[in-house]
$ cat work_10.txt   # compact mmCIF, C-alpha atoms and all ligand atoms
# COMPACT_ATOMS: atom_id res chain seq x y z
CA MET A 1 0.00 0.00 0.00
CA SER A 2 1.37 3.42 -0.86
CA ILE A 3 0.11 6.96 -0.46
CA GLN A 4 -1.80 8.36 -3.43
CA SER A 5 -2.74 11.75 -1.98
CA ILE A 6 -3.37 13.64 1.25
CA ARG A 7 -6.06 16.10 2.24
CA PRO A 8 -6.17 18.27 5.39
CA GLU A 9 -9.56 18.16 7.08
CA ASN A 10 -10.95 19.56 10.34
CA GLU A 11 -10.48 16.25 12.15
CA GLY A 12 -6.99 15.57 10.88
CA LEU A 13 -4.92 14.62 7.88
CA ASN A 14 -6.70 12.24 5.55
CA ILE A 15 -4.39 9.85 3.71
CA PHE A 16 -5.69 8.21 0.55
CA TRP A 17 -4.04 4.88 -0.21
CA ASP A 18 -3.57 3.35 -3.64
CA ASP A 19 -6.00 0.53 -2.80
CA GLY A 20 -8.83 3.06 -2.57
CA SER A 21 -9.02 3.15 1.23
CA SER A 22 -8.28 6.15 3.41
CA SER A 23 -7.13 6.81 6.99
CA CYS A 24 -7.71 10.06 8.85
CA PHE A 25 -4.93 10.71 11.37
CA PRO A 26 -5.93 13.30 14.05
CA TRP A 27 -3.77 16.44 14.22
CA LEU A 28 -2.77 15.86 17.86
CA TRP A 29 -1.76 12.28 16.95
CA ILE A 30 0.45 13.62 14.15
CA ARG A 31 2.17 16.04 16.52
CA ASP A 32 2.64 13.28 19.09
CA HIS A 33 4.02 10.78 16.57
CA SER A 34 6.34 13.11 14.70
CA GLU A 35 9.64 11.44 13.83
CA SER A 36 11.64 14.61 13.14
CA LYS A 37 15.02 14.87 14.85
CA VAL A 38 13.56 17.39 17.26
CA ASP A 39 10.55 15.31 18.17
CA LEU A 40 12.06 11.81 18.24
CA HIS A 41 15.65 11.41 19.41
CA PRO A 42 17.52 10.08 16.37
CA ASP A 43 19.70 7.70 18.41
CA SER A 44 17.55 6.55 21.30
CA LYS A 45 14.28 6.64 19.33
CA GLN A 46 12.69 8.09 22.46
CA ARG A 47 9.90 10.67 22.19
CA GLN A 48 11.03 14.25 22.83
CA ILE A 49 7.82 16.00 21.79
CA ASP A 50 5.51 16.81 24.71
CA VAL A 51 1.94 17.55 23.66
CA PHE A 52 0.62 17.67 27.20
CA SER A 53 2.41 20.42 29.16
CA GLU A 54 1.03 23.07 26.84
CA THR A 55 -1.90 22.60 24.51
CA PRO A 56 -0.42 22.87 21.01
CA ASP A 57 -2.07 25.01 18.36
CA ASN A 58 -2.88 22.42 15.76
CA SER A 59 -3.72 24.89 13.01
CA ILE A 60 -1.68 24.04 9.94
CA ASN A 61 -0.06 26.08 7.22
CA LYS A 62 0.32 23.18 4.84
CA ALA A 63 0.85 19.45 4.56
CA ILE A 64 3.08 18.02 1.86
CA ILE A 65 4.32 14.65 0.67
CA ASP A 66 8.10 14.25 0.37
CA GLN A 67 8.38 11.41 -2.13
CA ASN A 68 12.18 11.35 -1.97
CA LYS A 69 12.42 10.87 1.78
CA LYS A 70 9.13 8.94 1.97
CA ASN A 71 7.76 11.30 4.60
CA VAL A 72 4.67 13.40 5.11
CA MET A 73 5.51 16.89 6.42
CA VAL A 74 3.08 19.09 8.31
CA LYS A 75 3.95 22.75 8.80
CA TRP A 76 2.00 24.31 11.68
CA VAL A 77 1.02 27.98 12.03
CA ASP A 78 3.28 28.25 15.08
CA GLN A 79 6.21 27.62 12.66
CA SER A 80 6.99 24.15 14.04
CA GLU A 81 7.02 21.09 11.79
CA SER A 82 6.05 17.48 12.17
CA CYS A 83 7.38 14.69 10.01
CA ILE A 84 6.01 11.17 9.77
CA SER A 85 7.37 8.36 7.60
CA PHE A 86 5.27 6.51 5.06
CA ASP A 87 6.20 3.30 6.91
CA LEU A 88 4.70 4.45 10.21
CA LEU A 89 1.54 5.77 8.56
CA GLU A 90 1.09 2.55 6.61
CA SER A 91 1.72 0.32 9.63
CA LEU A 92 -0.99 2.18 11.56
CA ALA A 93 -3.40 2.74 8.67
CA SER A 94 -6.00 0.71 10.57
CA THR A 95 -6.84 1.32 14.21
CA SER A 96 -6.51 -1.41 16.82
CA SER A 97 -5.90 -1.67 20.55
CA PRO A 98 -2.32 -2.70 21.33
CA SER A 99 -2.40 -6.23 22.71
CA ALA A 100 0.13 -8.75 23.99
CA GLN A 101 1.87 -10.86 21.37
CA ALA A 102 0.08 -14.18 20.85
CA LEU A 103 1.86 -17.53 20.70
CA ALA A 104 2.21 -19.05 17.22
CA ASN A 105 -0.77 -21.40 17.25
CA ASP A 106 -0.48 -22.58 13.66
CA SER A 107 2.12 -25.17 14.63
CA CYS A 108 1.03 -26.45 18.01
CA TRP A 109 1.38 -30.19 18.54
CA ASN A 110 -0.79 -32.76 20.30
CA SER A 111 1.95 -35.37 20.14
CA SER A 112 5.56 -35.35 19.01
CA HIS A 113 4.41 -37.07 15.77
CA GLU A 114 2.59 -33.88 14.80
CA ILE A 115 5.80 -31.84 14.76
CA LYS A 116 6.49 -31.28 11.07
CA GLU A 117 10.18 -30.40 11.20
CA PHE A 118 11.71 -31.88 14.32
CA PRO A 119 13.48 -29.05 16.16
CA GLU A 120 16.97 -30.47 16.48
CA MET A 121 20.18 -29.03 15.10
CA SER A 122 23.87 -29.69 15.53
CA PHE A 123 26.09 -27.46 17.64
CA ASP A 124 28.13 -26.60 14.53
CA ASP A 125 24.92 -25.60 12.76
CA PHE A 126 23.94 -23.44 15.74
CA MET A 127 27.32 -21.70 15.70
CA SER A 128 27.11 -20.98 11.94
CA ASP A 129 26.03 -17.59 10.57
CA HIS A 130 22.36 -18.46 10.34
CA GLY A 131 22.38 -20.83 13.33
CA LEU A 132 20.75 -18.48 15.81
CA LYS A 133 17.93 -17.63 13.40
CA LYS A 134 17.24 -21.32 12.84
CA TRP A 135 17.35 -21.98 16.60
CA LEU A 136 14.90 -19.14 17.28
CA GLY A 137 12.61 -20.37 14.51
CA HIS A 138 12.42 -23.84 16.04
CA ILE A 139 11.43 -22.38 19.42
CA HIS A 140 8.93 -20.02 17.84
CA ARG A 141 7.22 -22.77 15.83
CA ASN A 142 7.41 -25.74 18.19
CA GLY A 143 8.18 -24.32 21.61
CA PHE A 144 11.55 -26.03 21.99
CA VAL A 145 14.85 -26.90 20.32
CA LEU A 146 17.62 -29.43 20.95
CA VAL A 147 21.23 -28.65 20.05
CA SER A 148 23.21 -31.88 19.75
CA GLY A 149 26.94 -32.47 19.65
CA ALA A 150 27.74 -29.59 21.99
CA PRO A 151 30.84 -29.74 24.18
CA ALA A 152 29.67 -30.94 27.61
CA SER A 153 30.92 -27.89 29.48
CA SER A 154 29.18 -25.19 31.43
CA ASP A 155 31.22 -22.49 29.68
CA THR A 156 30.03 -23.61 26.25
CA THR A 157 26.43 -23.81 27.46
CA GLN A 158 26.64 -20.29 28.84
CA GLU A 159 28.15 -19.07 25.56
CA LEU A 160 25.32 -20.75 23.67
CA MET A 161 22.76 -18.98 25.84
CA GLU A 162 24.52 -15.63 25.59
CA ARG A 163 24.47 -15.85 21.82
CA MET A 164 20.72 -15.20 22.19
CA ALA A 165 20.87 -12.63 25.01
CA TYR A 166 22.17 -12.14 28.54
CA VAL A 167 21.11 -14.82 31.03
CA ARG A 168 18.36 -13.72 33.38
CA ASN A 169 18.89 -13.65 37.10
CA SER A 170 16.33 -15.27 39.39
CA ILE A 171 15.84 -16.60 42.90
CA PHE A 172 18.13 -19.48 41.81
CA GLY A 173 20.87 -17.18 40.55
CA GLY A 174 21.89 -16.55 36.94
CA PHE A 175 23.58 -19.22 34.85
CA SER A 176 24.01 -22.16 37.25
CA VAL A 177 25.52 -25.61 37.58
CA TRP A 178 23.83 -28.03 39.97
CA ASP A 179 23.42 -31.71 40.72
CA ASN A 180 20.91 -33.95 42.48
CA LYS A 181 23.00 -34.42 45.59
CA LEU A 182 22.49 -31.08 47.34
CA ASP A 183 22.10 -31.29 51.13
CA ASN A 184 19.35 -28.66 51.26
CA PRO A 185 17.75 -28.37 47.81
CA ASP A 186 15.77 -25.15 47.23
CA ASP A 187 13.48 -26.82 44.75
CA THR A 188 12.39 -30.29 43.62
CA ALA A 189 14.34 -29.61 40.44
CA PHE A 190 17.53 -30.13 42.45
CA THR A 191 16.51 -33.59 43.71
CA SER A 192 15.97 -37.02 42.14
CA LEU A 193 12.19 -36.86 42.54
CA ALA A 194 9.69 -36.98 39.69
CA ILE A 195 8.18 -33.62 38.71
CA GLU A 196 4.93 -33.47 36.79
CA PRO A 197 4.43 -31.17 33.78
CA HIS A 198 4.69 -27.51 34.76
CA THR A 199 5.96 -24.12 33.75
CA ASP A 200 8.55 -22.35 35.90
CA GLY A 201 7.95 -19.12 37.77
CA THR A 202 4.19 -19.14 38.40
CA TYR A 203 5.14 -17.24 41.59
CA VAL A 204 6.88 -14.35 39.79
CA HIS A 205 5.01 -11.62 37.94
CA ASP A 206 7.14 -12.05 34.82
CA ALA A 207 7.79 -15.76 34.37
CA PRO A 208 11.04 -16.73 32.61
CA GLY A 209 10.62 -16.68 28.83
CA LEU A 210 13.04 -19.41 27.79
CA GLN A 211 14.75 -22.08 29.85
CA THR A 212 17.93 -23.90 28.84
CA LEU A 213 19.08 -27.20 30.35
CA HIS A 214 22.21 -29.19 29.61
CA CYS A 215 23.16 -32.42 31.40
CA LEU A 216 26.94 -32.26 31.86
CA GLN A 217 27.48 -35.52 33.72
CA LYS A 218 25.23 -38.55 33.81
CA ASP A 219 25.64 -41.74 35.80
CA SER A 220 21.98 -42.38 36.45
CA VAL A 221 18.99 -44.50 35.56
CA GLY A 222 15.64 -42.91 34.79
CA GLY A 223 15.22 -39.15 34.87
CA GLU A 224 13.58 -39.01 31.47
CA SER A 225 12.47 -35.51 30.45
CA GLN A 226 9.03 -34.84 29.05
CA LEU A 227 7.78 -31.82 27.13
CA VAL A 228 4.11 -31.05 26.47
CA ASP A 229 2.73 -28.29 24.28
CA GLY A 230 0.54 -26.27 26.67
CA LEU A 231 -0.67 -24.14 23.78
CA ALA A 232 -2.08 -27.24 22.05
CA ILE A 233 -3.92 -28.17 25.25
CA ALA A 234 -5.37 -24.66 25.50
CA GLU A 235 -6.51 -24.70 21.86
CA LYS A 236 -8.08 -28.12 22.35
CA MET A 237 -9.93 -26.88 25.41
CA ARG A 238 -11.07 -23.75 23.56
CA VAL A 239 -12.90 -26.04 21.10
CA GLU A 240 -13.91 -29.01 23.25
CA TYR A 241 -14.37 -27.41 26.67
CA PRO A 242 -15.22 -23.73 25.97
CA ASP A 243 -16.62 -23.14 29.47
CA TYR A 244 -13.46 -24.52 31.06
CA PHE A 245 -11.31 -22.47 28.68
CA LYS A 246 -13.16 -19.38 29.89
CA ILE A 247 -12.60 -20.30 33.54
CA LEU A 248 -8.91 -21.02 33.07
CA SER A 249 -8.41 -17.82 31.08
CA SER A 250 -10.17 -15.61 33.62
CA ILE A 251 -9.45 -16.86 37.15
CA ASN A 252 -6.17 -15.65 38.61
CA ILE A 253 -4.38 -18.61 40.17
CA PRO A 254 -1.80 -17.79 42.83
CA GLY A 255 1.59 -19.47 42.73
CA ARG A 256 4.05 -19.29 45.62
CA TYR A 257 7.65 -20.00 46.57
CA ILE A 258 8.43 -20.13 50.27
CA LYS A 259 11.87 -20.63 51.73
CA ASP A 260 13.74 -19.14 54.68
CA GLY A 261 13.50 -15.37 54.29
CA ILE A 262 11.65 -15.57 50.95
CA TYR A 263 7.94 -15.47 50.20
CA LEU A 264 7.21 -14.96 46.51
CA GLU A 265 3.68 -14.90 45.18
CA ALA A 266 2.10 -13.92 41.86
CA LYS A 267 -1.31 -14.54 40.32
CA ARG A 268 -2.44 -14.99 36.74
CA PRO A 269 -4.77 -17.22 34.74
CA LEU A 270 -3.52 -20.63 33.66
CA ILE A 271 -4.32 -19.60 30.09
CA ARG A 272 -3.51 -15.90 29.62
CA VAL A 273 -5.19 -14.41 26.57
CA ASN A 274 -4.94 -11.01 24.90
CA ASP A 275 -7.79 -8.69 23.86
CA ASN A 276 -8.38 -10.86 20.80
CA ASN A 277 -8.74 -13.96 22.99
CA GLU A 278 -5.49 -15.35 21.54
CA VAL A 279 -3.29 -17.34 23.91
CA VAL A 280 -0.32 -15.33 25.13
CA GLN A 281 1.02 -17.47 27.98
CA ILE A 282 0.49 -20.76 29.76
CA SER A 283 1.20 -20.80 33.52
CA PHE A 284 0.71 -24.16 35.14
CA ASN A 285 2.42 -25.55 38.21
CA ASN A 286 0.30 -27.71 40.47
CA HIS A 287 3.25 -28.14 42.86
CA ASP A 288 3.54 -24.38 43.42
CA ARG A 289 -0.18 -23.49 43.44
CA ALA A 290 -1.00 -21.41 46.55
CA PRO A 291 -4.18 -21.77 48.60
CA PHE A 292 -7.20 -19.81 47.35
CA ARG A 293 -10.93 -20.20 47.69
CA LEU A 294 -13.74 -19.09 45.37
CA ASP A 295 -17.49 -19.31 45.87
CA ASN A 296 -18.29 -23.00 46.18
CA ASP A 297 -19.94 -23.33 42.75
CA LEU A 298 -17.11 -21.52 40.99
CA MET A 299 -14.50 -23.44 42.99
CA SER A 300 -16.10 -26.68 41.84
CA GLN A 301 -16.03 -25.53 38.20
CA PHE A 302 -12.42 -24.44 38.61
CA TYR A 303 -11.44 -27.90 39.88
CA GLU A 304 -13.17 -29.51 36.90
CA ALA A 305 -11.44 -27.20 34.42
CA TYR A 306 -8.03 -27.54 36.09
CA LYS A 307 -8.45 -31.32 36.16
CA VAL A 308 -9.03 -31.42 32.40
CA PHE A 309 -5.88 -29.36 31.73
CA HIS A 310 -3.89 -31.35 34.30
CA ASN A 311 -4.91 -34.71 32.84
CA LEU A 312 -4.23 -33.62 29.27
CA ALA A 313 -0.78 -32.39 30.34
CA ASN A 314 -0.09 -35.74 32.03
CA ASP A 315 -1.36 -37.76 29.07
CA LYS A 316 1.76 -39.65 27.94
CA SER A 317 0.58 -39.66 24.32
CA ARG A 318 0.86 -35.85 24.26
CA GLN A 319 4.39 -35.82 25.66
CA PHE A 320 7.71 -35.82 23.87
CA GLN A 321 10.00 -37.91 26.04
CA PHE A 322 13.77 -38.04 25.83
CA ILE A 323 16.84 -38.24 28.02
CA LEU A 324 18.98 -35.22 28.71
CA GLU A 325 22.56 -36.26 28.14
CA PRO A 326 25.95 -34.64 27.78
CA GLY A 327 26.18 -32.85 24.45
CA LYS A 328 22.44 -32.24 24.03
CA VAL A 329 21.27 -28.76 25.02
CA LEU A 330 17.55 -28.26 25.47
CA THR A 331 15.92 -24.84 25.27
CA PHE A 332 12.16 -24.42 25.55
CA ASP A 333 9.57 -21.67 25.63
CA ASN A 334 8.48 -21.53 29.26
CA TRP A 335 5.43 -19.45 28.28
CA ARG A 336 4.16 -22.30 26.12
CA VAL A 337 5.71 -25.71 26.73
CA LEU A 338 5.39 -27.59 30.02
CA HIS A 339 8.33 -29.66 31.19
CA ALA A 340 8.44 -32.69 33.45
CA ARG A 341 10.88 -35.27 34.71
CA SER A 342 10.68 -38.88 35.84
CA SER A 343 12.43 -39.86 39.06
CA LEU A 344 15.99 -41.09 38.79
CA THR A 345 18.62 -43.01 40.69
CA GLY A 346 22.31 -42.25 40.53
CA TYR A 347 24.09 -39.01 39.81
CA ARG A 348 23.67 -36.28 37.29
CA GLN A 349 24.94 -32.76 36.96
CA LEU A 350 23.10 -30.14 34.96
CA CYS A 351 23.60 -26.52 34.04
CA GLY A 352 21.43 -23.86 32.53
CA GLY A 353 19.37 -20.78 33.17
CA TYR A 354 16.63 -18.50 31.93
CA HIS A 355 16.11 -15.83 29.30
CA ASN A 356 13.55 -13.05 29.51
CA ARG A 357 10.57 -13.27 27.21
CA GLU A 358 11.10 -9.80 25.75
CA ASP A 359 14.68 -10.63 24.77
CA PHE A 360 13.45 -13.69 22.86
CA GLU A 361 10.79 -11.58 21.11
CA SER A 362 13.37 -8.89 20.36
CA LYS A 363 15.69 -11.35 18.62
CA LEU A 364 12.77 -12.82 16.67
CA ARG A 365 11.85 -9.34 15.41
CA LEU A 366 15.34 -8.38 14.35
CA ILE A 367 17.06 -11.48 13.08
FE FE B 1 10.91 -26.62 36.15

$ encode --input "work_10.txt" --output "structure tokens"
Amino acid sequence: MSIQSIRPENEGLNIFWDDGSSSCFPWLWIRDHSESKVDLHPDSKQRQIDVFSETPDNSINKAIIDQNKKNVMVKWVDQSESCISFDLLESLASTSSPSAQALANDSCWNSSHEIKEFPEMSFDDFMSDHGLKKWLGHIHRNGFVLVSGAPASSDTTQELMERMAYVRNSIFGGFSVWDNKLDNPDDTAFTSLAIEPHTDGTYVHDAPGLQTLHCLQKDSVGGESQLVDGLAIAEKMRVEYPDYFKILSSINIPGRYIKDGIYLEAKRPLIRVNDNNEVVQISFNNHDRAPFRLDNDLMSQFYEAYKVFHNLANDKSRQFQFILEPGKVLTFDNWRVLHARSSLTGYRQLCGGYHNREDFESKLRLI
């Protein structure tokens, strides 16, 4: 779509597009969104124009199209100028409420057999020029990726993670190495016990976006890892259990983490949706669910809905099961894919950490 003509009107500047449609941008909006060097800092891209401290006089002298620079210029009677790029005008030609970015639901999987292109790549492939883009694409489409043939060292794993972005800090520290023989484990993750499908960080307001795990040493039996696509469960429930979908996308469920000197708690729906009712985030951790009580009828419905999600998540046929082993680095989308672990005997040492969600989205936008 390109600009065919413009026409100043009382309400604002009307832009006529070459497809026959038009968009009228209000004068105050044009002032506020001006991208001139004065109004938008050329380096930081931060807004400098302030349309609130003093009410601007939005009478205009003229509005012109600069075809060379692909800008629309508005000259105001107060001698100031606003400048807006064709790209910005085109990207906002239609109005819509900003809403949280939805998960990619065109590739969700109800079993590992439904994954079209299995998300595994070699370490050499990951380290190549286009490796990071491929790695991000796997996570975006399927919710996880395995990098095989990696050196079984914590340094290499940290370097792999930092190729995406800095490692996030959390209650467990930043990038960490741990084993299942701690005297006082802070979490079941640091034991040999089974853990049922869950997402991490239901007790923090901003749950970790990605999680990376690499088993550095393994002298154990059992301890299989399972991954389940929580988005696929949500989409199934949307169709087959619409009332339960509504309950799980509207009731805030508290999660908590309690240790000496620490009491974390956050609340959000199991299925978080945006204004378009698209799924944005799955938050499910039955182990960390905090006490709460609704009216008896609603509590009963909640239990029914939660049970359906829980049982679908624990359905073995929906799970991709594998063994974490030295050389195989797992990264998954903690806002989409649930992870679980069978109990184990013996010794194993793992390393890994978290990435923030916004850093993952940033790389996806730019790469
Ligand atoms: Fe976990």

$ closest_residue --input "work_10.txt" --among "A:Glu325, A:Asp78, A:Glu361, A:Asp57" --to "Ala150 in chain A" --atoms "all atoms listed in the file"
A:Glu325

$ atom_distance --input "work_10.txt" --atom1 "CA of Asn180 in chain A" --atom2 "CA of Ser283 in chain A"
25.3 Å

$ residues_around --input "work_10.txt" --residues "range 105-108 of chain A" --least-positions-apart "6" --cutoff "9 Å" --atoms "only C-alpha atoms" --output "PyMOL selection string"
chain A and resi 114-116+141-143+229-233+235+278-279

$ residues_near_ligand --input "work_10.txt" --ligand "ligand FE 1 (chain B)" --cutoff "10 Å" --atoms "only C-alpha atoms and all ligand atoms" --output "NGL selection string"
:A and (187-190 or 195-201 or 211 or 285 or 334 or 338-341)

$ write_last_selection --input "work_10.txt" --atoms "C-alpha atoms" --output "PDB file, keeping the file's coordinate frame"
ATOM      1  CA  ASP A 187      13.480 -26.820  44.750  1.00  0.00           C
ATOM      2  CA  THR A 188      12.390 -30.290  43.620  1.00  0.00           C
ATOM      3  CA  ALA A 189      14.340 -29.610  40.440  1.00  0.00           C
ATOM      4  CA  PHE A 190      17.530 -30.130  42.450  1.00  0.00           C
ATOM      5  CA  ILE A 195       8.180 -33.620  38.710  1.00  0.00           C
ATOM      6  CA  GLU A 196       4.930 -33.470  36.790  1.00  0.00           C
ATOM      7  CA  PRO A 197       4.430 -31.170  33.780  1.00  0.00           C
ATOM      8  CA  HIS A 198       4.690 -27.510  34.760  1.00  0.00           C
ATOM      9  CA  THR A 199       5.960 -24.120  33.750  1.00  0.00           C
ATOM     10  CA  ASP A 200       8.550 -22.350  35.900  1.00  0.00           C
ATOM     11  CA  GLY A 201       7.950 -19.120  37.770  1.00  0.00           C
ATOM     12  CA  GLN A 211      14.750 -22.080  29.850  1.00  0.00           C
ATOM     13  CA  ASN A 285       2.420 -25.550  38.210  1.00  0.00           C
ATOM     14  CA  ASN A 334       8.480 -21.530  29.260  1.00  0.00           C
ATOM     15  CA  LEU A 338       5.390 -27.590  30.020  1.00  0.00           C
ATOM     16  CA  HIS A 339       8.330 -29.660  31.190  1.00  0.00           C
ATOM     17  CA  ALA A 340       8.440 -32.690  33.450  1.00  0.00           C
ATOM     18  CA  ARG A 341      10.880 -35.270  34.710  1.00  0.00           C
TER      19      ARG A 341
END

$ closest_residue --input "work_10.txt" --among "A:Ser99, A:Ser36, A:Asn286, A:Asn169" --to "Ser82 in chain A" --atoms "all atoms listed in the file"
A:Ser36

$ closest_residue --input "work_10.txt" --among "A:Gly137, A:Ile171, A:Asp295, A:Leu312" --to "Asp333 in chain A" --atoms "only C-alpha atoms"
A:Gly137

$ closest_residue --input "work_10.txt" --among "A:Asn14, A:Ser342, A:Asn58, A:Ser153" --to "Lys316 in chain A" --atoms "only C-alpha atoms"
A:Ser342

$ closest_residue --input "work_10.txt" --among "A:His287, A:His214, A:His140, A:Lys75" --to "Pro8 in chain A" --atoms "all atoms listed in the file"
A:Lys75
